[in-house]
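Enquirer: Have a look at this one.
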Amino acid sequence: MRGLDLVLVSTERLQFDAAMTSGIIRGAYDESEARIDVAALAERAGARVVFARADRFEPQTHVVHAGSERITFDLCSIDEVGGSLDGELPGVAEHAIALRPASGLPAVGRAIEARLADGSDPVRCTIVGGGSTGVECAFALQRLLRARAGRGVVTIVDAAPHVLDDLASCRELAHRALERVGVCFVFGARAVGVRADGVQLSSGATLPSDLVLWATGGAPPRLIVESGLGHDPQGRLLVDARLRARSGAPIWAAGDCASVEAAASIDPRRHGELLEDEIRRQLGARHRHLSALRVRPPCLLDTGDGQALVRWGPVAARSRLGGWLKRRLDRRSVARLADG
């Protein structure tokens, strides 16, 4: 559309697709296959880039302060890729490997490889966070441990009573598959800190650990809380079924920055499409019908061995075809952004 002044505010010049986290960790993808050049992407979209943190937000006057810039807006979308949720807890920065922000994933892969290089002793691996990223990383780590002489054990810790709060359709299938490969679970206990010798739990116990992956969701930016906009206890913007701020302000949020109405039941994997549809509608551009957005995509979870768990309607399986499909879709997603 003509007449648009599009501004992208980002702290990162290079991004990596978070859906490829476990594949990057175990070396299934080259960095080039998962890397997104933010400046090049913005240039193709006709957007101006401000490489700075959005540190102040004034929804009443429609102004965002980022670095030395004061950016006015008519419409604003927030989907900041920041650090890990609860990453400020004691010992996390010192003793855990955080999977957020996604721009650091190649370094994460190298750090894990270094920790597992000495194969003489068993390695106790703990993954804090039982979402889709944590589950895929558990499969990947378990496979890496089996290749070591000393082997080891992987344990998932989550305050929820089960894995995959973000992907319920695959929950039972994934839990059974994790048990079969020997992954252990600590449910209903929140991690409250990390020490050099293990993860401290809310129950008062310490889970002995030699390697800790912090796989919680992303922490929303502080500017949401500081702006005075309605937010949940985690600081995520309260949005309606169309991802718009419930206050009615022309502000939208997606991903880990959005707290969607419980009744809306929006598949998180469709946030991007719903957000695009809504912004197009606001601008008077052509947009898809909402009915198309309600079609749930297949659930695909990388199991670290070239296969994937697949759940699509009544179909549930673990297969190499599923693994091929996931890798193909992941690469296509990044290639679309890289090639315009």
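We name chains A, B, ... following the order of the structure tokens; residues begin at 1 in each chain, and ligands are numbered from 1 as shown.
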Using only C-alpha atoms, which residues sit within 8 Å of range 224-228 of chain A once same-chain residues fewer than 4 positions away are excluded, as a VMD selection string?
Expert: chain A and resid 56 to 59 220 235 to 237
Enquirer: Suppose we keep C-alpha atoms; can you now write the selection as a JSON list (two decimals), in the first residue's frame?
Expert:
```
[["chain", "number", "residue", "atom", "x", "y", "z"],
["A", 56, "ARG", "CA", 9.54, 3.62, 26.46],
["A", 57, "PHE", "CA", 6.02, 3.42, 25.13],
["A", 58, "GLU", "CA", 3.34, 6.13, 25.26],
["A", 59, "PRO", "CA", 0.06, 4.60, 24.05],
["A", 220, "PRO", "CA", 7.70, -9.84, 27.39],
["A", 235, "GLY", "CA", 3.68, -8.61, 31.86],
["A", 236, "ARG", "CA", 2.07, -9.75, 28.61],
["A", 237, "LEU", "CA", -0.37, -7.40, 26.90]]
```
Enquirer: Quick one: residues within 8 Å of range 146-159 of chain A, only C-alpha atoms, excluding same-chain residues fewer than 6 positions away - as a PyMOL selection string?
Expert: chain A and resi 116+119-130+134-135+138+182-191
Enquirer: As a PyMOL selection string, please: the residues near range 207-214 of chain A (cut-off 9 Å, only C-alpha atoms, same-chain neighbours under 4 positions excluded).
Expert: chain A and resi 84-85+87+92+95-100+112+115-116+123-129+134+137+194-201
Enquirer: Pull N, CA and C atoms from the residues just selected and write them as a tab-separated table (two decimals), in the first residue's frame.
Expert:
```tsv
chain	number	residue	atom	x	y	z
A	84	SER	N	14.75	-15.01	28.32
A	84	SER	CA	13.90	-16.10	28.80
A	84	SER	C	13.04	-15.66	29.98
A	85	LEU	N	11.84	-16.19	30.03
A	85	LEU	CA	10.96	-15.96	31.17
A	85	LEU	C	11.62	-16.52	32.42
A	87	GLY	N	14.32	-15.65	33.60
A	87	GLY	CA	15.77	-15.69	33.42
A	87	GLY	C	16.54	-14.90	34.44
A	92	VAL	N	20.58	-18.38	37.22
A	92	VAL	CA	20.24	-18.77	35.84
A	92	VAL	C	21.30	-18.26	34.87
A	95	HIS	N	24.72	-20.27	35.64
A	95	HIS	CA	24.85	-21.72	35.61
A	95	HIS	C	23.96	-22.43	34.59
A	96	ALA	N	23.10	-21.71	33.88
A	96	ALA	CA	22.21	-22.34	32.89
A	96	ALA	C	22.51	-21.80	31.50
A	97	ILE	N	22.15	-22.58	30.50
A	97	ILE	CA	22.25	-22.14	29.11
A	97	ILE	C	20.85	-21.76	28.65
A	98	ALA	N	20.64	-20.47	28.42
A	98	ALA	CA	19.31	-19.99	28.04
A	98	ALA	C	19.11	-20.10	26.53
A	99	LEU	N	17.91	-20.53	26.13
A	99	LEU	CA	17.59	-20.67	24.72
A	99	LEU	C	17.01	-19.40	24.11
A	100	ARG	N	16.86	-18.39	24.94
A	100	ARG	CA	16.39	-17.09	24.47
A	100	ARG	C	17.46	-16.05	24.76
A	112	ILE	N	26.73	-26.41	24.37
A	112	ILE	CA	26.30	-27.78	24.70
A	112	ILE	C	27.34	-28.78	24.21
A	115	ARG	N	30.16	-28.85	26.64
A	115	ARG	CA	29.83	-29.50	27.90
A	115	ARG	C	29.83	-31.03	27.77
A	116	LEU	N	29.48	-31.52	26.59
A	116	LEU	CA	29.38	-32.97	26.40
A	116	LEU	C	30.64	-33.58	25.79
A	123	VAL	N	26.42	-37.54	32.27
A	123	VAL	CA	26.03	-36.14	32.39
A	123	VAL	C	24.55	-36.06	32.71
A	124	ARG	N	24.25	-35.37	33.81
A	124	ARG	CA	22.85	-35.18	34.21
A	124	ARG	C	22.36	-33.86	33.61
A	125	CYS	N	21.44	-33.99	32.66
A	125	CYS	CA	20.92	-32.81	31.94
A	125	CYS	C	19.51	-32.49	32.43
A	126	THR	N	19.29	-31.22	32.75
A	126	THR	CA	17.96	-30.78	33.16
A	126	THR	C	17.47	-29.71	32.20
A	127	ILE	N	16.26	-29.88	31.72
A	127	ILE	CA	15.63	-28.88	30.86
A	127	ILE	C	14.49	-28.24	31.65
A	128	VAL	N	14.59	-26.94	31.90
A	128	VAL	CA	13.55	-26.22	32.62
A	128	VAL	C	12.59	-25.65	31.58
A	129	GLY	N	11.38	-26.20	31.54
A	129	GLY	CA	10.40	-25.78	30.56
A	129	GLY	C	9.96	-26.95	29.70
A	134	GLY	N	11.26	-27.16	24.73
A	134	GLY	CA	11.87	-28.02	25.74
A	134	GLY	C	11.76	-29.49	25.40
A	137	CYS	N	14.14	-30.33	22.54
A	137	CYS	CA	15.52	-30.34	23.04
A	137	CYS	C	15.80	-31.57	23.90
A	194	VAL	N	19.18	-21.75	40.05
A	194	VAL	CA	20.14	-22.73	39.54
A	194	VAL	C	21.45	-22.54	40.29
A	195	ARG	N	22.02	-23.63	40.76
A	195	ARG	CA	23.34	-23.61	41.40
A	195	ARG	C	24.32	-24.39	40.53
A	196	ALA	N	25.57	-24.34	40.91
A	196	ALA	CA	26.58	-25.05	40.13
A	196	ALA	C	26.34	-26.55	40.11
A	197	ASP	N	25.64	-27.06	41.15
A	197	ASP	CA	25.43	-28.51	41.24
A	197	ASP	C	24.00	-28.95	40.95
A	198	GLY	N	23.10	-28.01	40.61
A	198	GLY	CA	21.75	-28.45	40.31
A	198	GLY	C	20.73	-27.34	40.27
A	199	VAL	N	19.48	-27.75	40.02
A	199	VAL	CA	18.35	-26.83	39.91
A	199	VAL	C	17.56	-26.85	41.21
A	200	GLN	N	17.34	-25.67	41.78
A	200	GLN	CA	16.56	-25.55	43.00
A	200	GLN	C	15.08	-25.49	42.66
A	201	LEU	N	14.27	-26.29	43.35
A	201	LEU	CA	12.84	-26.37	43.08
A	201	LEU	C	12.04	-25.69	44.18
```
Enquirer: For each of A:Thr61, A:Thr216, A:Gln142, A:Ser32, take the minimum atom-to-atom distance to Asp305 in chain A, counting only C-alpha atoms, then give the residue where this is smallest.
Expert: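 So, comparing all the options, the nearest one is A:Gln142.
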Enquirer: Do you know which residues are at most 8 Å from range 327-335 of chain A counting only C-alpha atoms, after dropping those on the same chain fewer than 4 positions away, and could you put them as a ChimeraX atom specification?
Expert: /A:17,19-20,33-36,323,339
Enquirer: Per residue of range 269-334 of chain A within 10 Å of range 62-83 of chain A, note the shortest atom pair and the distance in Å to one decimal, counting only C-alpha atoms, and order the rows by chain and increasing residue number, as JSON lines.
Expert:
```
{"residue": "A:Gly272", "atom": "CA", "partner": "A:Asp79", "partner_atom": "CA", "distance": 9.8}
{"residue": "A:Leu275", "atom": "CA", "partner": "A:Ser77", "partner_atom": "CA", "distance": 8.5}
{"residue": "A:Ile279", "atom": "CA", "partner": "A:Leu75", "partner_atom": "CA", "distance": 8.1}
{"residue": "A:Gln282", "atom": "CA", "partner": "A:Leu75", "partner_atom": "CA", "distance": 8.6}
{"residue": "A:Leu283", "atom": "CA", "partner": "A:Leu75", "partner_atom": "CA", "distance": 9.2}
```
Enquirer: Rank nothing, just name the residue among A:Ala253, A:Ala54, A:Leu173, A:Val192 nearest to Leu274 in chain A, using only C-alpha atoms.
Expert: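 Among A:Ala253, A:Ala54, A:Leu173, A:Val192, it is A:Ala253 that comes nearest to Leu274 in chain A.
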Enquirer: Work out how far apart CA of Arg2 in chain A and CA of Ala47 in chain A are and give it in Å to one decimal.
Expert: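 Separation between CA of Arg2 in chain A and CA of Ala47 in chain A: 12.4 Å.
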Enquirer: List every residue of range 31-224 of chain A that DSSP, applied to the backbone of this structure, assigns to strand (DSSP E), and report them as a VMD selection string.
Expert: chain A and resid 35 to 37 48 to 51 54 to 58 63 to 66 69 to 72 76 to 78 97 to 98 123 to 128 152 to 158 184 to 187 191 to 195 198 to 201 206 to 208 211 to 214
Enquirer: Looking at A:Ala52, A:Asp240, A:Asp5, A:Ser103, which one is nearest to Ala18 in chain A, with distances taken over only C-alpha atoms?
Expert: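 Of the candidates, the smallest distance to Ala18 in chain A is held by A:Ser103.
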Enquirer: For Pro297 in chain A, please output as a ChimeraX atom specification all residues within 12 Å (counting only C-alpha atoms; exclusion window: fewer than 2 positions along the same chain).
Expert: /A:167,169-170,267-270,273,292-295,299-300,310-313,326,329
Enquirer: Compile the contact shell of Gly248 in chain A as a list in words: residues with an atom at most 12 Å away, counting only C-alpha atoms, same-chain residues fewer than 3 positions apart removed.
Expert: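 In the requested form, the answer reads Pro59, Gln60, Leu75, Leu229, Gly230, Leu238, Val239, Asp240, Arg242, Leu243, Arg244, Ala245, Ile251 and Trp252 of chain A.
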Enquirer: Those residues you just picked out, can you put them in a file as a PDB file, in the first residue's frame with C-alpha atoms?
Expert:
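Dumped everything to result14.pdb:
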```pdb
ATOM      1  CA  PRO A  59       0.062   4.603  24.050  1.00  0.00           C
ATOM      2  CA  GLN A  60      -1.948   7.783  24.722  1.00  0.00           C
ATOM      3  CA  LEU A  75      -0.757   1.296  14.370  1.00  0.00           C
ATOM      4  CA  LEU A 229      -1.644  -0.862  29.325  1.00  0.00           C
ATOM      5  CA  GLY A 230      -3.574  -3.827  30.717  1.00  0.00           C
ATOM      6  CA  LEU A 238      -4.027  -8.315  27.423  1.00  0.00           C
ATOM      7  CA  VAL A 239      -5.442  -8.767  23.916  1.00  0.00           C
ATOM      8  CA  ASP A 240      -8.751  -9.856  22.435  1.00  0.00           C
ATOM      9  CA  ARG A 242      -7.931 -10.474  17.165  1.00  0.00           C
ATOM     10  CA  LEU A 243      -4.732  -9.828  19.171  1.00  0.00           C
ATOM     11  CA  ARG A 244      -5.648  -6.183  19.734  1.00  0.00           C
ATOM     12  CA  ALA A 245      -5.186  -4.503  23.119  1.00  0.00           C
ATOM     13  CA  ILE A 251      -1.861  -1.730  19.496  1.00  0.00           C
ATOM     14  CA  TRP A 252      -1.499  -5.446  18.801  1.00  0.00           C
TER      15      TRP A 252
END
```
